Structure formats: C-alpha cells, structure tokens
file work.cif (mmCIF, C-alpha atoms)
data_final
loop_
_atom_site.label_atom_id
_atom_site.label_comp_id
_atom_site.auth_asym_id
_atom_site.auth_seq_id
_atom_site.Cartn_x
_atom_site.Cartn_y
_atom_site.Cartn_z
CA MET N 1 39.85 34.13 172.46
CA GLU N 2 39.37 37.90 172.65
CA GLU N 3 42.86 38.30 174.13
CA LEU N 4 44.31 36.37 171.17
CA ARG N 5 42.39 38.53 168.71
CA ILE N 6 43.70 41.73 170.35
CA PHE N 7 47.24 40.32 170.30
CA ASN N 8 46.92 39.54 166.58
CA TYR N 9 45.74 43.08 165.92
CA ILE N 10 48.74 44.44 167.84
CA LEU N 11 51.06 42.37 165.63
CA LYS N 12 49.39 43.81 162.53
CA ILE N 13 49.63 47.40 163.78
CA LEU N 14 53.20 47.36 165.16
CA PRO N 15 55.05 47.34 161.78
CA TYR N 16 53.43 50.67 160.93
CA LEU N 17 55.20 52.35 163.83
CA SER N 18 58.03 52.90 161.36
CA VAL N 19 55.77 55.27 159.40
CA THR N 20 54.79 57.09 162.58
CA PHE N 21 58.41 57.49 163.65
CA GLU N 22 59.39 58.61 160.15
CA TYR N 23 57.20 61.70 160.14
CA VAL N 24 57.87 62.33 163.84
CA ILE N 25 61.66 62.36 163.34
CA PHE N 26 61.60 64.53 160.21
CA SER N 27 59.08 66.92 161.76
CA LEU N 28 61.21 67.24 164.90
CA LEU N 29 64.38 67.90 162.91
CA LEU N 30 62.84 70.48 160.60
CA GLY N 31 60.66 71.94 163.36
CA SER N 32 63.72 72.39 165.57
CA ILE N 33 65.51 74.31 162.82
CA LEU N 34 62.49 76.55 162.27
CA GLY N 35 62.02 76.92 166.03
CA PHE N 36 65.66 77.94 166.47
CA PHE N 37 65.39 80.76 163.96
CA LEU N 38 62.09 81.91 165.45
CA ALA N 39 63.59 81.84 168.94
CA MET N 40 66.58 83.86 167.73
CA ALA N 41 64.18 86.37 166.19
CA LYS N 42 62.27 86.66 169.46
CA LEU N 43 65.48 87.23 171.40
CA GLY N 44 66.87 89.66 168.82
CA LYS N 45 66.59 93.42 168.72
CA ASN N 46 64.83 93.89 165.39
CA ARG N 47 61.34 94.96 166.36
CA HIS N 48 59.63 93.95 163.10
CA ILE N 49 61.22 90.50 162.94
CA LYS N 50 60.40 89.96 166.62
CA ARG N 51 56.76 90.87 166.03
CA PHE N 52 56.59 88.50 163.08
CA ALA N 53 58.05 85.64 165.15
CA PHE N 54 55.64 86.17 168.02
CA GLY N 55 52.74 86.65 165.60
CA TYR N 56 53.60 83.41 163.79
CA THR N 57 53.76 81.54 167.08
CA THR N 58 50.42 82.89 168.23
CA ALA N 59 48.72 82.09 164.92
CA LEU N 60 50.05 78.52 164.74
CA ARG N 61 49.39 77.71 168.39
CA CYS N 62 45.81 78.94 168.00
CA THR N 63 45.19 76.75 164.94
CA PRO N 64 43.90 73.22 165.64
CA SER N 65 46.19 70.56 164.20
CA ILE N 66 43.46 69.06 162.03
CA VAL N 67 42.69 72.48 160.52
CA LEU N 68 46.37 73.10 159.75
CA LEU N 69 46.67 69.61 158.27
CA PHE N 70 43.75 70.23 155.91
CA LEU N 71 45.05 73.69 154.99
CA VAL N 72 48.41 72.17 154.02
CA PHE N 73 46.94 69.11 152.30
CA TYR N 74 44.31 70.93 150.24
CA GLY N 75 45.90 74.37 149.98
CA LEU N 76 49.61 73.81 149.40
CA PRO N 77 49.51 71.80 146.14
CA PRO N 78 47.48 74.35 144.12
CA LEU N 79 49.47 77.21 145.68
CA LEU N 80 52.86 75.74 144.74
CA LYS N 81 51.62 74.74 141.29
CA SER N 82 50.39 78.25 140.52
CA LEU N 83 53.43 80.04 141.98
CA ILE N 84 56.44 77.93 141.01
CA GLY N 85 55.07 75.02 139.00
CA ILE N 86 55.73 72.28 141.57
CA ASN N 87 53.16 69.48 141.38
CA LEU N 88 52.34 67.84 144.72
CA ASP N 89 49.11 66.20 143.57
CA GLU N 90 50.68 62.74 143.66
CA ALA N 91 52.87 63.34 146.72
CA ASP N 92 52.87 60.81 149.53
CA PRO N 93 50.62 61.90 152.42
CA ILE N 94 53.65 61.74 154.73
CA VAL N 95 55.01 64.84 152.96
CA PHE N 96 51.99 66.85 154.06
CA ALA N 97 52.21 65.42 157.58
CA VAL N 98 55.86 66.51 157.85
CA ILE N 99 55.11 69.99 156.49
CA THR N 100 52.15 70.44 158.84
CA PHE N 101 53.97 69.40 161.98
CA THR N 102 57.14 71.25 161.01
CA LEU N 103 55.11 74.48 160.88
CA PHE N 104 53.39 73.65 164.15
CA LEU N 105 56.50 72.50 165.99
CA GLY N 106 58.46 75.50 164.82
CA ALA N 107 56.06 77.68 166.80
CA SER N 108 55.99 75.47 169.90
CA LEU N 109 59.70 74.70 170.02
CA SER N 110 60.61 78.36 169.55
CA GLU N 111 58.91 79.07 172.87
CA VAL N 112 60.62 76.10 174.51
CA MET N 113 64.01 77.35 173.28
CA ARG N 114 63.36 80.97 174.18
CA SER N 115 62.13 80.22 177.70
CA SER N 116 64.96 77.73 178.32
CA TYR N 117 67.56 80.26 177.20
CA GLU N 118 66.09 82.98 179.39
CA ALA N 119 66.00 80.60 182.37
CA VAL N 120 69.81 80.43 182.45
CA ASN N 121 71.45 83.03 184.68
CA ARG N 122 72.93 85.71 182.43
CA GLY N 123 75.73 86.28 184.93
CA GLN N 124 77.27 82.92 184.04
CA TYR N 125 77.63 83.99 180.42
CA GLU N 126 79.22 87.30 181.41
CA ALA N 127 81.61 85.51 183.78
CA ALA N 128 82.66 83.08 181.04
CA VAL N 129 83.36 85.93 178.61
CA SER N 130 85.29 87.82 181.28
CA ILE N 131 87.76 84.93 181.72
CA GLY N 132 88.58 84.84 178.02
CA LEU N 133 85.95 82.68 176.34
CA THR N 134 84.50 83.93 173.08
CA ASP N 135 80.77 84.55 172.79
CA PHE N 136 80.33 81.28 170.88
CA GLN N 137 82.42 79.29 173.39
CA ALA N 138 80.46 80.74 176.30
CA PHE N 139 77.18 79.88 174.60
CA LYS N 140 78.29 76.36 173.67
CA ARG N 141 79.91 75.41 177.00
CA ILE N 142 77.81 77.34 179.51
CA ILE N 143 74.44 78.41 178.14
CA LEU N 144 73.51 75.60 175.75
CA PRO N 145 73.94 72.62 178.16
CA GLN N 146 71.92 74.34 180.89
CA ALA N 147 69.23 75.50 178.47
CA PHE N 148 68.95 71.97 177.09
CA SER N 149 68.59 70.61 180.62
CA VAL N 150 65.74 73.03 181.29
CA ALA N 151 64.08 72.14 177.97
CA ILE N 152 64.13 68.33 178.34
CA PRO N 153 60.72 67.90 180.05
CA ASN N 154 59.04 70.14 177.47
CA LEU N 155 60.77 68.31 174.64
CA GLY N 156 59.45 64.99 175.94
CA ASN N 157 55.94 66.40 176.12
CA THR N 158 56.33 67.76 172.59
CA VAL N 159 57.29 64.35 171.19
CA ILE N 160 54.31 62.69 172.88
CA PHE N 161 51.99 65.45 171.70
CA LEU N 162 53.29 65.08 168.14
CA ILE N 163 52.63 61.33 168.07
CA LYS N 164 49.11 61.82 169.46
CA GLU N 165 48.28 64.61 167.01
CA GLY N 166 49.80 62.54 164.20
CA ALA N 167 46.93 60.08 164.61
CA LEU N 168 44.85 62.62 162.68
CA CYS N 169 46.90 61.99 159.54
CA TYR N 170 44.87 58.93 158.63
CA MET N 171 42.27 61.48 157.45
CA ILE N 172 44.53 62.42 154.52
CA GLY N 173 45.29 58.79 153.68
CA LEU N 174 48.48 58.24 155.67
CA ILE N 175 48.77 54.61 156.76
CA ASP N 176 50.60 54.75 160.09
CA VAL N 177 49.49 52.93 163.25
CA MET N 178 46.20 54.84 163.35
CA GLY N 179 45.66 54.44 159.63
CA LYS N 180 46.32 50.70 159.86
CA ALA N 181 43.88 50.32 162.76
CA TYR N 182 41.26 52.19 160.76
CA SER N 183 41.92 49.91 157.78
CA ILE N 184 41.66 46.75 159.92
CA ASN N 185 38.38 47.95 161.39
CA ALA N 186 37.01 48.64 157.90
CA ASN N 187 38.05 45.16 156.71
CA GLU N 188 36.36 43.62 159.74
CA MET N 189 33.19 45.56 158.85
CA GLY N 190 33.20 47.13 162.31
CA GLY N 191 32.60 43.76 163.94
CA TYR N 192 35.54 44.04 166.31
CA VAL N 193 35.90 47.80 166.66
CA LEU N 194 36.54 47.63 170.42
CA GLN N 195 39.27 45.02 170.05
CA VAL N 196 40.96 46.88 167.18
CA TYR N 197 41.16 50.18 169.00
CA LEU N 198 42.12 48.56 172.28
CA ALA N 199 45.05 47.00 170.43
CA LEU N 200 45.91 50.44 169.05
CA ALA N 201 45.71 51.97 172.52
CA ILE N 202 48.10 49.32 173.86
CA VAL N 203 50.60 50.14 171.10
CA TYR N 204 50.41 53.85 171.94
CA TRP N 205 50.77 53.13 175.67
CA MET N 206 53.92 51.09 175.06
CA VAL N 207 55.43 53.83 172.90
CA PHE N 208 54.61 56.61 175.35
CA ILE N 209 55.96 54.69 178.35
CA ILE N 210 59.27 54.14 176.53
CA ILE N 211 59.48 57.81 175.50
CA GLU N 212 58.75 58.98 179.05
CA ARG N 213 61.45 56.68 180.42
CA ILE N 214 64.00 57.97 177.89
CA PHE N 215 63.33 61.61 178.70
CA LYS N 216 63.35 60.94 182.45
CA LEU N 217 66.80 59.37 182.07
CA LEU N 218 67.96 62.35 180.00
CA ASP N 219 66.56 64.76 182.56
CA LYS N 220 68.30 62.93 185.38
CA LYS N 221 71.60 62.77 183.50
CA PHE N 222 71.72 66.46 182.60
CA SER N 223 70.41 67.54 186.00
CA ILE N 224 73.32 65.74 187.66
CA GLU N 225 75.90 67.10 185.20
CA HIS N 226 74.65 70.67 185.39
#
call {"tool": "encode", "arguments": {"input": "work.cif", "output": "structure tokens"}}
result
Amino acid sequence: MEELRIFNYILKILPYLSVTFEYVIFSLLLGSILGFFLAMAKLGKNRHIKRFAFGYTTALRCTPSIVLLFLVFYGLPPLLKSLIGINLDEADPIVFAVITFTLFLGASLSEVMRSSYEAVNRGQYEAAVSIGLTDFQAFKRIILPQAFSVAIPNLGNTVIFLIKEGALCYMIGLIDVMGKAYSINANEMGGYVLQVYLALAIVYWMVFIIIERIFKLLDKKFSIEH
C-alpha cells in the first residue's frame, strides 16, 4: 500500500521536471555566456577588468544561493522599475530563478573555463600557429577541444549542483518538482510527508544517475579523441 502511494506521488511529481529543466537549460546557456566573458576578462591583460572579474566571482561564490535568490526576487523588480520603468511585479517566478542562477553560474563557469584553458599546454597552440594556422583556427581546433575535455567533469557537477540548488525556488512560488512535492504535502495536510519526500528523492536520484551517465560517456568520448 505504501509502495503504491509513493509510486502515485512519483507520477504526480514527474511532469514538473519540465519546469526544472527549463530553468536549468536557460540558466546554463546564459551562465555560460556570462562565464565566457568573465573568463576572457580574467585571462586578459587589462588589470581593472581582471580585478572586476575576479571580484565578481569571489562575491557570487561567497553568497548562498537562497540569499542571492531573495536579493533578485525582492530587489530586482523595484530596482528596474525605478531605473528604466520595467515592471516585473507580475513576472513568472521562473524568470527570477533564471536570473539568479545565471549570475551564480557565470561566476562558477568562468573558473571552470579559465582553469580548463590554462590546463592545455601552451606549446601546442604555438606549434599550430607556427605551421600556418590562424589564432582562431588554433584555438578552435587545438585548444577548445582539449579544454572542453578537461572541463567535462566540472560541467557535470555544475549541472547537478544547479538542479539541487534549484529546489530552493519553491520559496518564491516556482512550481517545479520540489514545488509540486511541497504542494502535495500541503494538500495531504502533512499526513504522508515521508512518502511525499521519498517520492521526490527517487525522482532526483533518477535524474542525477542519468546526468552522471551522460557526462561519463562524454568524458570517455573526448578523452579517447584527445
């Protein structure tokens, strides 16, 4: 009987994975763009821009996700309204989740990109240029594939971390898998709290196992090729 109840809860929670994946994908895309520019700034020669990039990274990595989420959720709407007249009072909570994790991932991924780039032997780039490749061709064909190979394990950990931290978004009204579990528990008046959250844990376990398998395959593929 309890097993059937847990299974039913899993079926109710699973459809809301689409919401979880929606903010995860958008946050990864936007966070990667921000991280790229921050990494370029850190690797550049402009001292002031470099200091800003490292300072931003330090500040964001030292800010708990829930604090950043509340700062964005409660602070951004009045700030944008007063500065440029944009009204976010009625915005979907997923907007604030994406903004929060874009800011956070930009800092984290910039370090992943910077360290991966610096892990590639510089001599390979110089050798590629010496045989006639342009700087861009050398970067694209030699540096980028190897840097990506180095970054894969950290990228996998980042995706898992993002999904786990995203569970906090139910606190701003986002109905993803965590939000749905919270809603189910409230409707059940807390009578089956253990079963509800065990069902949620099973959903997370399934997702994380699949993600780990995907990134292990990617790691193996790029390790063989490079």
call {"tool": "closest_residue", "arguments": {"input": "work.cif", "among": "N:Ala97, N:Ile84, N:Ile66, N:Ala147", "to": "Phe26 (chain N)", "atoms": "only C-alpha atoms"}}
result
N:Ala97
call {"tool": "resolve_selection", "arguments": {"input": "work.cif", "expression": "the PyMOL selection byres ((chain N and resi 207) around 12)", "output": "ChimeraX atom specification"}}
result
/N:14,17-18,20-21,159-160,163-164,177,200-206,208-214
call {"tool": "residues_around", "arguments": {"input": "work.cif", "residues": "region 99-106 of chain N", "least_positions_apart": "5", "cutoff": "6 Å", "atoms": "only C-alpha atoms", "output": "list in words"}}
result
Ser27, Leu30, Gly31, Leu34, Gly35, Leu60 and Leu69 of chain N
call {"tool": "atom_distance", "arguments": {"input": "work.cif", "atom1": "CA of Phe36 (chain N)", "atom2": "CA of Leu217 (chain N)"}}
result
24.3 Å
call {"tool": "resolve_selection", "arguments": {"input": "work.cif", "expression": "the PyMOL selection byres ((chain N and resi 93-96) around 9)", "output": "PyMOL selection string"}}
result
chain N and resi 19+22-23+69+72-73+76+90-92+97-101+169-170+172-175
call {"tool": "resolve_selection", "arguments": {"input": "work.cif", "expression": "the PyMOL selection byres ((chain N and resi 195) around 8)", "output": "compact mmCIF listing (two decimals) with C-alpha atoms, in the frame of the given file"}}
result
# COMPACT_ATOMS: atom_id res chain seq x y z
CA GLU N 2 39.37 37.90 172.65
CA ARG N 5 42.39 38.53 168.71
CA ILE N 6 43.70 41.73 170.35
CA TYR N 9 45.74 43.08 165.92
CA TYR N 192 35.54 44.04 166.31
CA VAL N 193 35.90 47.80 166.66
CA LEU N 194 36.54 47.63 170.42
CA VAL N 196 40.96 46.88 167.18
CA TYR N 197 41.16 50.18 169.00
CA LEU N 198 42.12 48.56 172.28
CA ALA N 199 45.05 47.00 170.43
call {"tool": "residues_around", "arguments": {"input": "work.cif", "residues": "Ser149 (chain N)", "least_positions_apart": "4", "cutoff": "9 Å", "atoms": "only C-alpha atoms", "output": "compact mmCIF listing (two decimals) with C-alpha atoms, in the frame of the given file"}}
result
# COMPACT_ATOMS: atom_id res chain seq x y z
CA SER N 116 64.96 77.73 178.32
CA LEU N 144 73.51 75.60 175.75
CA PRO N 145 73.94 72.62 178.16
CA PRO N 153 60.72 67.90 180.05
CA LEU N 218 67.96 62.35 180.00
CA ASP N 219 66.56 64.76 182.56
CA LYS N 221 71.60 62.77 183.50
CA PHE N 222 71.72 66.46 182.60
CA SER N 223 70.41 67.54 186.00
CA HIS N 226 74.65 70.67 185.39
call {"tool": "atom_distance", "arguments": {"input": "work.cif", "atom1": "CA of Asn121 (chain N)", "atom2": "CA of Asn154 (chain N)"}}
result
19.3 Å
call {"tool": "atom_distance", "arguments": {"input": "work.cif", "atom1": "CA of Met40 (chain N)", "atom2": "CA of Arg114 (chain N)"}}
result
7.8 Å
call {"tool": "closest_residue", "arguments": {"input": "work.cif", "among": "N:Ile13, N:Val112, N:Asn185, N:Leu4", "to": "Gly156 (chain N)", "atoms": "all atoms listed in the file"}}
result
N:Val112
